[in-house]
$ cat final_23.txt   # compact mmCIF, C-alpha atoms and all ligand atoms
# COMPACT_ATOMS: atom_id res chain seq x y z
CA MET A 18 0.00 0.00 0.00
CA VAL A 19 1.33 3.42 -0.94
CA ARG A 20 0.00 6.76 0.20
CA PRO A 21 1.45 9.33 -2.23
CA LEU A 22 1.97 13.03 -1.57
CA LEU A 23 -1.32 14.78 -2.35
CA ARG A 24 -0.45 18.36 -1.31
CA ALA A 25 2.45 20.29 0.19
CA ALA A 26 2.56 23.90 1.34
CA ARG A 27 5.10 26.16 2.94
CA TYR A 28 4.95 29.29 5.03
CA VAL A 29 7.63 31.94 5.42
CA PRO A 30 6.95 34.83 7.84
CA THR A 31 6.78 38.27 6.22
CA SER A 32 8.54 40.02 9.11
CA LEU A 33 12.11 41.07 8.37
CA HIS A 34 15.22 41.64 10.40
CA ASP A 35 18.30 42.81 8.50
CA GLY A 36 16.61 41.73 5.28
CA VAL A 37 16.01 38.17 6.49
CA HIS A 38 12.57 36.66 7.11
CA VAL A 39 12.07 35.99 10.83
CA ALA A 40 9.17 34.91 13.02
CA ALA A 41 7.07 37.85 14.24
CA ALA A 42 6.88 38.42 18.00
CA ASP A 43 3.54 36.59 18.23
CA GLU A 44 4.60 33.57 16.15
CA ASP A 45 6.02 30.27 17.36
CA ALA A 46 6.51 26.77 15.95
CA PHE A 47 2.80 26.01 16.46
CA THR A 48 1.41 29.10 14.69
CA GLU A 49 3.89 28.69 11.82
CA ILE A 50 2.87 25.06 11.29
CA VAL A 51 -0.84 25.95 11.40
CA THR A 52 -0.30 28.68 8.79
CA ALA A 53 1.50 26.27 6.45
CA LEU A 54 -1.20 23.64 7.04
CA GLU A 55 -3.99 26.08 6.22
CA ARG A 56 -2.46 26.67 2.81
CA ILE A 57 -3.17 23.07 1.85
CA GLU A 58 -6.42 22.98 -0.03
CA PRO A 59 -8.50 20.98 0.33
CA LEU A 60 -7.33 19.82 3.75
CA ALA A 61 -10.56 18.23 4.98
CA SER A 62 -10.02 14.61 5.94
CA THR A 63 -12.54 11.81 5.81
CA PRO A 64 -15.15 12.69 8.45
CA GLY A 65 -14.81 10.59 11.58
CA SER A 66 -11.38 9.25 10.65
CA ALA A 67 -8.22 9.89 12.64
CA THR A 68 -5.27 11.73 11.11
CA ASP A 69 -1.72 10.49 11.60
CA ILE A 70 0.74 13.32 12.16
CA GLU A 71 4.52 13.09 11.97
CA LEU A 72 5.73 16.21 13.77
CA VAL A 73 9.26 17.26 12.81
CA ALA A 74 9.45 20.24 15.15
CA PRO A 75 10.04 21.10 18.78
CA PHE A 76 6.68 20.67 20.47
CA PRO A 77 5.46 19.69 23.94
CA GLU A 78 3.65 16.34 23.90
CA ASP A 79 0.98 17.53 26.31
CA LEU A 80 -0.21 20.03 23.71
CA SER A 81 -0.96 17.33 21.11
CA TRP A 82 -4.68 18.02 21.52
CA ALA A 83 -4.15 21.42 19.85
CA PHE A 84 -3.49 19.71 16.50
CA GLY A 85 -6.81 17.88 16.81
CA VAL A 86 -8.57 21.24 16.98
CA VAL A 87 -6.64 22.55 13.98
CA VAL A 88 -7.30 19.49 11.81
CA GLY A 89 -10.85 18.96 13.07
CA SER A 90 -10.42 15.23 13.74
CA ASP A 91 -8.76 12.88 16.18
CA VAL A 92 -5.00 12.89 15.71
CA SER A 93 -2.23 10.46 16.50
CA LEU A 94 1.15 12.18 16.79
CA VAL A 95 4.66 10.85 16.26
CA PHE A 96 7.45 13.22 17.32
CA GLY A 97 10.69 13.53 15.38
CA GLU A 98 13.84 15.62 15.71
CA SER A 99 14.26 18.74 13.57
CA THR A 100 16.88 17.24 11.26
CA GLY A 101 16.89 16.34 7.59
CA ALA A 102 17.38 12.67 8.47
CA ALA A 103 14.30 12.73 10.73
CA LEU A 104 12.30 14.48 7.99
CA ALA A 105 13.32 11.88 5.41
CA ALA A 106 12.27 9.12 7.82
CA SER A 107 8.90 10.81 8.44
CA LEU A 108 8.20 11.37 4.74
CA THR A 109 9.02 7.73 4.03
CA ALA A 110 6.85 6.50 6.92
CA ALA A 111 3.98 8.70 5.72
CA GLU A 112 4.21 7.37 2.18
CA ARG A 113 4.45 3.73 3.18
CA GLY A 114 1.89 3.80 5.99
CA SER A 115 -1.73 2.70 5.99
CA GLY A 116 -4.81 4.65 7.03
CA PRO A 117 -6.48 7.40 5.03
CA ASP A 118 -4.37 10.48 5.89
CA CYS A 119 -0.92 11.35 7.18
CA LEU A 120 0.45 14.86 7.71
CA VAL A 121 4.15 15.61 8.00
CA LEU A 122 4.59 18.98 9.72
CA VAL A 123 7.93 20.77 9.92
CA SER A 124 9.07 23.93 11.69
CA ASP A 125 12.10 25.25 13.50
CA GLY A 126 10.16 28.26 14.80
CA PRO A 127 10.45 29.64 18.32
CA PRO A 128 9.42 27.00 20.89
CA VAL A 129 5.87 26.95 22.21
CA ARG A 130 7.22 26.67 25.77
CA PRO A 131 9.12 27.36 27.87
CA PRO A 132 10.32 30.83 26.90
CA ASP A 133 13.87 30.37 25.72
CA PRO A 134 16.08 33.49 25.75
CA SER A 135 18.37 32.01 23.12
CA THR A 136 15.73 31.87 20.38
CA GLY A 137 14.11 35.29 20.67
CA GLY A 138 14.70 37.25 17.49
CA GLY A 139 14.54 34.39 15.04
CA SER A 140 16.75 31.36 14.60
CA ALA A 141 19.82 30.98 12.40
CA GLY A 142 18.18 28.77 9.77
CA PRO A 143 15.22 29.68 7.59
CA ALA A 144 12.10 30.83 9.43
CA GLY A 145 8.77 29.23 8.71
CA ALA A 146 7.11 25.88 8.33
CA ALA A 147 6.15 23.24 5.80
CA ALA A 148 3.22 20.83 5.71
CA PHE A 149 2.85 17.66 3.62
CA LEU A 150 -0.42 15.75 3.20
CA PHE A 151 -0.25 12.10 2.18
CA ARG A 152 -3.51 10.40 1.22
CA GLU A 153 -4.49 7.12 -0.34
CA GLY A 154 -5.05 7.64 -4.07
CA VAL A 155 -3.33 9.62 -6.77
CA GLY A 156 -0.33 11.85 -5.99
CA GLN A 157 3.42 12.26 -6.29
CA SER A 158 5.83 9.55 -5.15
CA LEU A 159 8.87 10.75 -3.20
CA GLU A 160 10.64 7.46 -3.82
CA GLY A 161 14.26 8.20 -4.76
CA GLN A 162 13.92 11.95 -4.00
CA LEU A 163 15.07 12.00 -0.37
CA GLU A 164 18.86 11.54 -0.58
CA SER A 165 19.62 15.26 -0.28
CA VAL A 166 16.93 15.67 2.40
CA ARG A 167 18.72 13.12 4.58
CA ALA A 168 22.03 15.02 4.32
CA GLU A 169 20.65 18.41 5.54
CA PRO A 170 21.24 19.30 9.21
CA SER A 171 18.00 21.35 9.37
CA ALA A 172 14.64 19.70 8.65
CA LEU A 173 13.12 22.96 7.45
CA SER A 174 15.99 23.75 5.05
CA ALA A 175 15.63 20.20 3.75
CA ALA A 176 11.87 20.63 3.27
CA PHE A 177 12.30 23.94 1.45
CA GLU A 178 15.00 22.49 -0.79
CA LEU A 179 12.80 19.50 -1.66
CA GLY A 180 9.99 21.89 -2.63
CA ARG A 181 12.25 24.09 -4.75
CA ARG A 182 13.31 20.97 -6.63
CA LEU A 183 9.94 19.22 -7.06
CA ALA A 184 7.37 22.07 -7.12
CA PRO A 185 7.97 23.22 -10.73
CA SER A 186 7.05 19.77 -12.11
CA GLU A 187 3.89 19.31 -9.99
CA PRO A 188 2.38 22.78 -9.31
CA GLY A 189 -0.99 21.23 -8.45
CA ILE A 190 0.57 19.33 -5.56
CA TRP A 191 3.01 21.94 -4.25
CA CYS A 192 0.63 24.77 -3.24
CA GLY A 193 1.85 28.36 -3.19
CA GLU A 194 5.27 29.90 -3.44
CA TRP A 195 7.95 27.23 -3.10
CA VAL A 196 10.38 28.72 -5.56
CA THR A 197 10.14 32.50 -5.13
CA ASP A 198 10.29 34.49 -1.91
CA GLU A 199 7.23 35.59 0.03
CA ALA A 200 5.95 39.16 0.27
CA GLN A 201 7.98 41.49 2.46
CA GLY A 202 6.32 42.77 5.60
CA PRO A 203 7.27 45.16 8.38
CA SER A 204 10.75 45.17 9.85
CA LEU A 205 11.03 43.70 13.30
CA ASP A 206 12.74 44.99 16.41
CA PRO A 207 14.43 41.83 17.75
CA ALA A 208 14.71 43.21 21.30
CA ALA A 209 10.96 43.86 21.48
CA SER A 210 10.32 40.42 20.01
CA VAL A 211 12.43 38.74 22.67
CA GLN A 212 10.75 40.77 25.41
CA PHE A 213 7.30 39.59 24.27
CA ARG A 214 8.37 35.95 23.85
CA GLU A 215 9.93 35.81 27.30
CA VAL A 216 6.79 36.85 29.13
CA ASP A 217 6.15 34.44 32.00
CA PRO A 218 3.12 32.39 30.92
CA ASN A 219 2.23 31.87 34.57
CA ARG A 220 1.40 35.51 35.08
CA VAL A 221 -2.07 36.21 36.37
CA SER A 222 -4.35 38.14 34.08
CA GLU A 223 -6.63 40.70 35.69
CA GLY A 224 -8.54 41.11 32.44
CA ALA A 225 -11.21 39.09 30.71
CA TYR A 226 -10.55 35.79 32.43
CA VAL A 227 -11.60 32.77 30.41
CA PRO A 228 -11.00 29.49 32.27
CA ALA A 229 -8.95 26.87 30.42
CA ASP A 230 -11.85 24.42 29.92
CA ARG A 231 -14.15 27.08 28.48
CA TYR A 232 -11.32 28.35 26.27
CA ARG A 233 -10.75 24.87 24.85
CA GLU A 234 -14.45 24.30 24.27
CA SER A 235 -14.65 27.42 22.08
CA LEU A 236 -11.52 26.71 20.04
CA PRO A 237 -13.19 25.48 16.81
CA SER A 238 -14.91 28.89 16.70
CA ARG A 239 -11.83 30.86 17.71
CA TRP A 240 -9.19 29.00 15.72
CA ARG A 241 -11.07 27.85 12.61
CA PHE A 242 -14.05 30.22 12.46
CA VAL A 243 -16.57 27.37 12.65
CA ALA A 244 -20.07 28.79 13.23
CA GLU A 245 -23.31 26.95 13.98
CA LYS A 246 -26.02 26.96 11.35
CA CYS A 247 -29.58 26.45 12.55
CA SER A 248 -31.36 23.86 10.42
CA GLU A 249 -34.71 25.36 11.46
CA CYS A 250 -34.30 29.08 10.66
CA GLY A 251 -30.96 29.08 8.80
CA ALA A 252 -29.33 31.68 11.06
CA LEU A 253 -25.59 31.55 11.69
CA THR A 254 -24.40 31.80 15.28
CA PHE A 255 -20.80 32.85 15.77
CA PRO A 256 -18.98 32.18 17.97
CA ALA A 257 -20.84 28.90 18.34
CA ARG A 258 -22.58 28.59 21.72
CA GLY A 259 -25.01 25.70 21.39
CA THR A 260 -28.05 27.97 20.99
CA CYS A 261 -29.36 29.63 17.82
CA ARG A 262 -29.07 33.39 18.27
CA ASN A 263 -32.17 33.92 16.14
CA CYS A 264 -34.74 31.34 17.30
CA GLY A 265 -33.12 29.96 20.48
CA ARG A 266 -33.14 26.39 19.22
CA ARG A 267 -30.62 24.01 20.81
CA GLU A 268 -30.99 21.03 18.50
CA ARG A 269 -29.87 20.40 14.93
CA LEU A 270 -27.25 23.15 14.91
CA LEU A 271 -24.74 22.13 12.26
CA PRO A 272 -21.09 23.21 12.15
CA GLU A 273 -20.56 25.73 9.34
CA PRO A 274 -16.99 26.79 8.46
CA LEU A 275 -16.75 30.50 7.65
CA PRO A 276 -14.08 32.03 5.40
CA VAL A 277 -10.81 32.95 7.12
CA ASN A 278 -9.30 34.97 4.25
CA GLY A 279 -10.40 37.93 2.15
CA LEU A 280 -12.59 39.47 4.87
CA GLU A 281 -13.81 43.06 4.37
CA VAL A 282 -12.83 45.58 7.03
CA VAL A 283 -15.82 47.62 8.25
CA ALA A 284 -14.19 49.55 11.10
CA THR A 285 -10.70 50.07 12.44
CA THR A 286 -9.05 51.63 15.48
CA VAL A 287 -5.59 51.90 17.01
CA ILE A 288 -5.27 50.96 20.69
CA GLY A 289 -2.56 53.05 22.31
CA SER A 290 -0.73 52.35 25.52
CA GLY A 291 -3.20 52.27 28.43
CA GLY A 292 -6.23 51.53 26.24
CA GLN A 293 -5.68 47.78 26.10
CA PRO A 294 -7.39 45.07 28.17
CA THR A 295 -4.92 44.01 30.87
CA GLU A 296 -4.24 40.58 29.33
CA PHE A 297 -2.55 42.49 26.49
CA ASP A 298 -0.26 44.44 28.85
CA PRO A 299 2.84 42.34 28.05
CA GLN A 300 2.28 42.85 24.33
CA VAL A 301 1.84 46.62 24.60
CA GLN A 302 4.83 46.89 26.93
CA ALA A 303 7.00 45.05 24.40
CA LEU A 304 5.56 46.12 21.07
CA GLY A 305 3.59 49.34 21.67
CA ALA A 306 0.25 50.36 20.14
CA TYR A 307 -1.70 47.90 18.02
CA GLU A 308 -4.55 48.05 15.54
CA VAL A 309 -7.90 46.32 15.89
CA VAL A 310 -10.34 45.82 13.01
CA LEU A 311 -13.97 44.82 12.78
CA ALA A 312 -14.30 42.52 9.76
CA GLN A 313 -17.27 40.95 8.01
CA VAL A 314 -16.99 37.14 7.93
CA ALA A 315 -20.46 36.29 6.59
CA PRO A 316 -23.74 38.17 6.18
CA GLY A 317 -24.60 39.44 9.68
CA VAL A 318 -21.43 37.99 11.21
CA ARG A 319 -18.60 40.32 12.20
CA VAL A 320 -15.49 39.63 14.23
CA THR A 321 -13.06 41.87 16.09
CA LEU A 322 -9.46 41.03 15.23
CA GLN A 323 -6.13 42.35 16.32
CA VAL A 324 -3.88 43.23 13.37
CA ALA A 325 -0.49 41.57 12.88
CA ASP A 326 2.28 41.97 10.29
CA ALA A 327 1.39 45.61 9.57
CA GLU A 328 2.18 49.02 11.03
CA PRO A 329 -0.64 50.21 13.35
CA GLY A 330 -3.01 52.45 11.39
CA SER A 331 -2.15 51.02 7.98
CA ILE A 332 -5.41 49.09 7.44
CA ARG A 333 -8.32 51.12 6.02
CA ILE A 334 -12.07 50.58 5.95
CA GLY A 335 -12.91 48.59 2.81
CA ASP A 336 -9.54 46.81 2.76
CA ARG A 337 -9.46 43.02 2.68
CA VAL A 338 -7.68 41.11 5.40
CA ASP A 339 -6.63 37.48 5.73
CA THR A 340 -6.44 35.87 9.15
CA ARG A 341 -3.77 33.78 10.85
CA LEU A 342 -3.52 31.89 14.10
CA ARG A 343 -1.18 33.80 16.43
CA ARG A 344 -0.24 34.09 20.09
CA LEU A 345 -2.61 36.35 21.99
CA TYR A 346 -1.48 36.41 25.63
CA PRO A 347 -0.07 34.10 28.28
CA LEU A 348 -2.36 32.68 30.95
CA GLU A 349 -2.04 29.89 33.51
CA GLY A 350 1.29 28.64 32.22
CA GLU A 351 0.51 28.56 28.52
CA TRP A 352 -0.06 30.84 25.61
CA ARG A 353 -3.58 31.48 24.44
CA TYR A 354 -3.94 31.56 20.67
CA GLY A 355 -6.47 33.18 18.39
CA ARG A 356 -6.84 34.50 14.87
CA LYS A 357 -5.48 37.90 13.95
CA ALA A 358 -5.92 39.95 10.77
CA VAL A 359 -3.01 40.42 8.36
CA PRO A 360 -2.97 42.44 5.11
CA SER A 361 -4.56 40.31 2.40
CA VAL A 362 -2.14 38.61 0.06
CA ARG A 363 -3.38 37.84 -3.41
CA ARG A 364 -1.82 34.42 -3.71
CA THR A 365 -1.41 32.72 -7.02
CA THR A 366 -3.34 29.49 -6.81
CA ALA A 367 -2.34 26.46 -8.75
ZN ZN A 401 -32.62 29.20 14.50
$ encode --input "final_23.txt" --output "structure tokens"
Amino acid sequence: MVRPLLRAARYVPTSLHDGVHVAAADEDAFTEIVTALERIEPLASTPGSATDIELVAPFPEDLSWAFGVVVGSDVSLVFGESTGAALAASLTAAERGSGPDCLVLVSDGPPVRPPDPSTGGGSAGPAGAAAFLFREGVGQSLEGQLESVRAEPSALSAAFELGRRLAPSEPGIWCGEWVTDEAQGPSLDPAASVQFREVDPNRVSEGAYVPADRYRESLPSRWRFVAEKCSECGALTFPARGTCRNCGRRERLLPEPLPVNGLEVVATTVIGSGGQPTEFDPQVQALGAYEVVLAQVAPGVRVTLQVADAEPGSIRIGDRVDTRLRRLYPLEGEWRYGRKAVPSVRRTTA
């Protein structure tokens, strides 16, 4: 049984330091992987089936559940080291394995925890992440293509090199920009970045306190923009809360994914120092003022989003924004994540 490569996507942060792409202050290995993964279209797995994940990145095992939320199914994770040899082994295992789906996810981004002073302003290798989806059926075989991958010290460099080599021949499989560089975003102050990354995640928030269990329950809404559609009156409720906001019905509410990219901005404001909710204190102390936009996700559904990867005040009403999963603030020993708006990129689709 062979499970060929169906899709691959990469993500390179737009933030720059000394002309080199580096992770933004609110990015880490998890957010970078999710962004790469979300560029794979279509990602949806067979409903009800589990997804095998080979994770070639630094990641705490007790946060495995977070990938289940991202993928929208049960996941079974295998952890590998961030080397080319480990990546080659994972790609081979994915291709030769059984079961409907296997994802190989690669990043050398800043660690999810604990804060590590040595990795603040971006690492020495390339920044970003890569995601590979293997599925039973038709796709590209990587047989005989992994010699140079094995020889690379860095898994991410190896992944990017593999894409540069194979993407031109199979543009339908290798989604997005594997050969050329990504768009250039704002330049990053590495000191501010480090200051934000090193915030103690055990600090106590005095702001809008959302207990961990309630936070996790709402993650499909927060992380993937999944609303509930009422099969009685057709109204969309977002964030989902188990009750139709129009008719109050609690039964037959069906999950309805809303778009996460190309949202129209209907209002915008810049939050200066002192105007922020207290859970955002560490961010404002490190990075200064930030912009918040109100964006239309679906008819009658609007969301408030912090802006990332842009100078505060640069987004205008009527602009389109894409959204990305990013770090929001630390609470109870871990980072809370949510979607933020970034300037819309018109990507060339294969
Ligand atoms: Zn209803």
$ atom_distance --input "final_23.txt" --atom1 "atom CA of Leu54 of chain A" --atom2 "atom CA of Val121 of chain A"
9.7 Å
$ residues_around --input "final_23.txt" --residues "Ser331 of chain A" --least-positions-apart "3" --cutoff "9 Å" --atoms "only C-alpha atoms" --output "list in words"
Glu308, Ala327 and Glu328 of chain A
$ closest_residue --input "final_23.txt" --among "A:Val123, A:Leu104, A:Ala284, A:Ala144" --to "Ser165 of chain A" --atoms "all atoms listed in the file"
A:Leu104
$ residues_near_ligand --input "final_23.txt" --ligand "ligand ZN 401 (chain A)" --cutoff "8 Å" --atoms "all atoms listed in the file" --output "VMD selection string"
chain A and resid 246 to 253 261 to 266
$ axis_aligned_box --input "final_23.txt" --around "segment 40-56 of chain A" --padding-each-side "3 Å" --output "JSON"
{"center_x": 2.6, "center_y": 31.0, "center_z": 10.5, "size_x": 19.2, "size_y": 20.8, "size_z": 21.4}
$ build_atoms --input "final_23.txt" --residues "segment 44-55 of chain A" --atoms "all heavy atoms" --output "tab-separated table (two decimals), in the frame of the given file"
chain	number	residue	atom	x	y	z
A	44	GLU	N	4.56	34.87	16.83
A	44	GLU	CA	4.60	33.57	16.15
A	44	GLU	C	5.49	32.60	16.91
A	44	GLU	O	6.47	32.99	17.53
A	44	GLU	CB	5.16	33.73	14.73
A	44	GLU	CG	4.24	34.48	13.80
A	44	GLU	CD	4.78	34.51	12.38
A	44	GLU	OE1	5.77	35.22	12.13
A	44	GLU	OE2	4.21	33.83	11.52
A	45	ASP	N	5.15	31.32	16.84
A	45	ASP	CA	6.02	30.27	17.36
A	45	ASP	C	5.88	29.05	16.44
A	45	ASP	O	5.20	29.13	15.41
A	45	ASP	CB	5.71	29.96	18.84
A	45	ASP	CG	4.30	29.49	19.08
A	45	ASP	OD1	3.70	28.87	18.16
A	45	ASP	OD2	3.77	29.71	20.18
A	46	ALA	N	6.53	27.95	16.82
A	46	ALA	CA	6.51	26.77	15.95
A	46	ALA	C	5.07	26.33	15.66
A	46	ALA	O	4.75	25.91	14.54
A	46	ALA	CB	7.29	25.63	16.60
A	47	PHE	N	4.20	26.44	16.65
A	47	PHE	CA	2.80	26.01	16.46
A	47	PHE	C	2.07	26.89	15.44
A	47	PHE	O	1.47	26.40	14.48
A	47	PHE	CB	2.07	26.00	17.80
A	47	PHE	CG	0.63	25.59	17.71
A	47	PHE	CD1	0.26	24.37	17.16
A	47	PHE	CD2	-0.38	26.43	18.18
A	47	PHE	CE1	-1.07	23.99	17.06
A	47	PHE	CE2	-1.71	26.05	18.10
A	47	PHE	CZ	-2.06	24.83	17.54
A	48	THR	N	2.15	28.22	15.62
A	48	THR	CA	1.41	29.10	14.69
A	48	THR	C	1.97	28.99	13.28
A	48	THR	O	1.22	29.06	12.30
A	48	THR	CB	1.44	30.57	15.15
A	48	THR	OG1	2.78	31.08	15.07
A	48	THR	CG2	0.94	30.72	16.58
A	49	GLU	N	3.29	28.80	13.16
A	49	GLU	CA	3.89	28.69	11.82
A	49	GLU	C	3.40	27.42	11.12
A	49	GLU	O	3.08	27.43	9.93
A	49	GLU	CB	5.41	28.70	11.92
A	49	GLU	CG	5.96	30.06	12.34
A	49	GLU	CD	7.48	30.14	12.28
A	49	GLU	OE1	8.15	29.09	12.18
A	49	GLU	OE2	8.00	31.26	12.33
A	50	ILE	N	3.34	26.31	11.87
A	50	ILE	CA	2.87	25.06	11.29
A	50	ILE	C	1.40	25.20	10.86
A	50	ILE	O	1.02	24.76	9.77
A	50	ILE	CB	3.03	23.90	12.30
A	50	ILE	CG1	4.51	23.48	12.37
A	50	ILE	CG2	2.15	22.72	11.92
A	50	ILE	CD1	4.80	22.46	13.46
A	51	VAL	N	0.59	25.81	11.73
A	51	VAL	CA	-0.84	25.95	11.40
A	51	VAL	C	-0.99	26.78	10.12
A	51	VAL	O	-1.81	26.45	9.25
A	51	VAL	CB	-1.61	26.59	12.57
A	51	VAL	CG1	-3.04	26.93	12.16
A	51	VAL	CG2	-1.62	25.64	13.77
A	52	THR	N	-0.19	27.83	9.99
A	52	THR	CA	-0.30	28.68	8.79
A	52	THR	C	0.07	27.90	7.53
A	52	THR	O	-0.60	28.01	6.50
A	52	THR	CB	0.57	29.94	8.94
A	52	THR	OG1	0.18	30.61	10.14
A	52	THR	CG2	0.35	30.89	7.77
A	53	ALA	N	1.13	27.10	7.62
A	53	ALA	CA	1.50	26.27	6.45
A	53	ALA	C	0.38	25.28	6.14
A	53	ALA	O	-0.04	25.12	4.99
A	53	ALA	CB	2.80	25.52	6.73
A	54	LEU	N	-0.14	24.65	7.18
A	54	LEU	CA	-1.20	23.64	7.04
A	54	LEU	C	-2.45	24.22	6.38
A	54	LEU	O	-3.08	23.59	5.53
A	54	LEU	CB	-1.52	23.11	8.44
A	54	LEU	CG	-2.32	21.85	8.61
A	54	LEU	CD1	-1.72	20.71	7.81
A	54	LEU	CD2	-2.36	21.48	10.10
A	55	GLU	N	-2.78	25.46	6.76
A	55	GLU	CA	-3.99	26.08	6.22
A	55	GLU	C	-3.86	26.46	4.75
A	55	GLU	O	-4.84	26.80	4.11
A	55	GLU	CB	-4.36	27.32	7.05
A	55	GLU	CG	-4.89	26.93	8.42
A	55	GLU	CD	-5.30	28.13	9.28
A	55	GLU	OE1	-4.87	29.26	8.98
A	55	GLU	OE2	-6.02	27.90	10.25
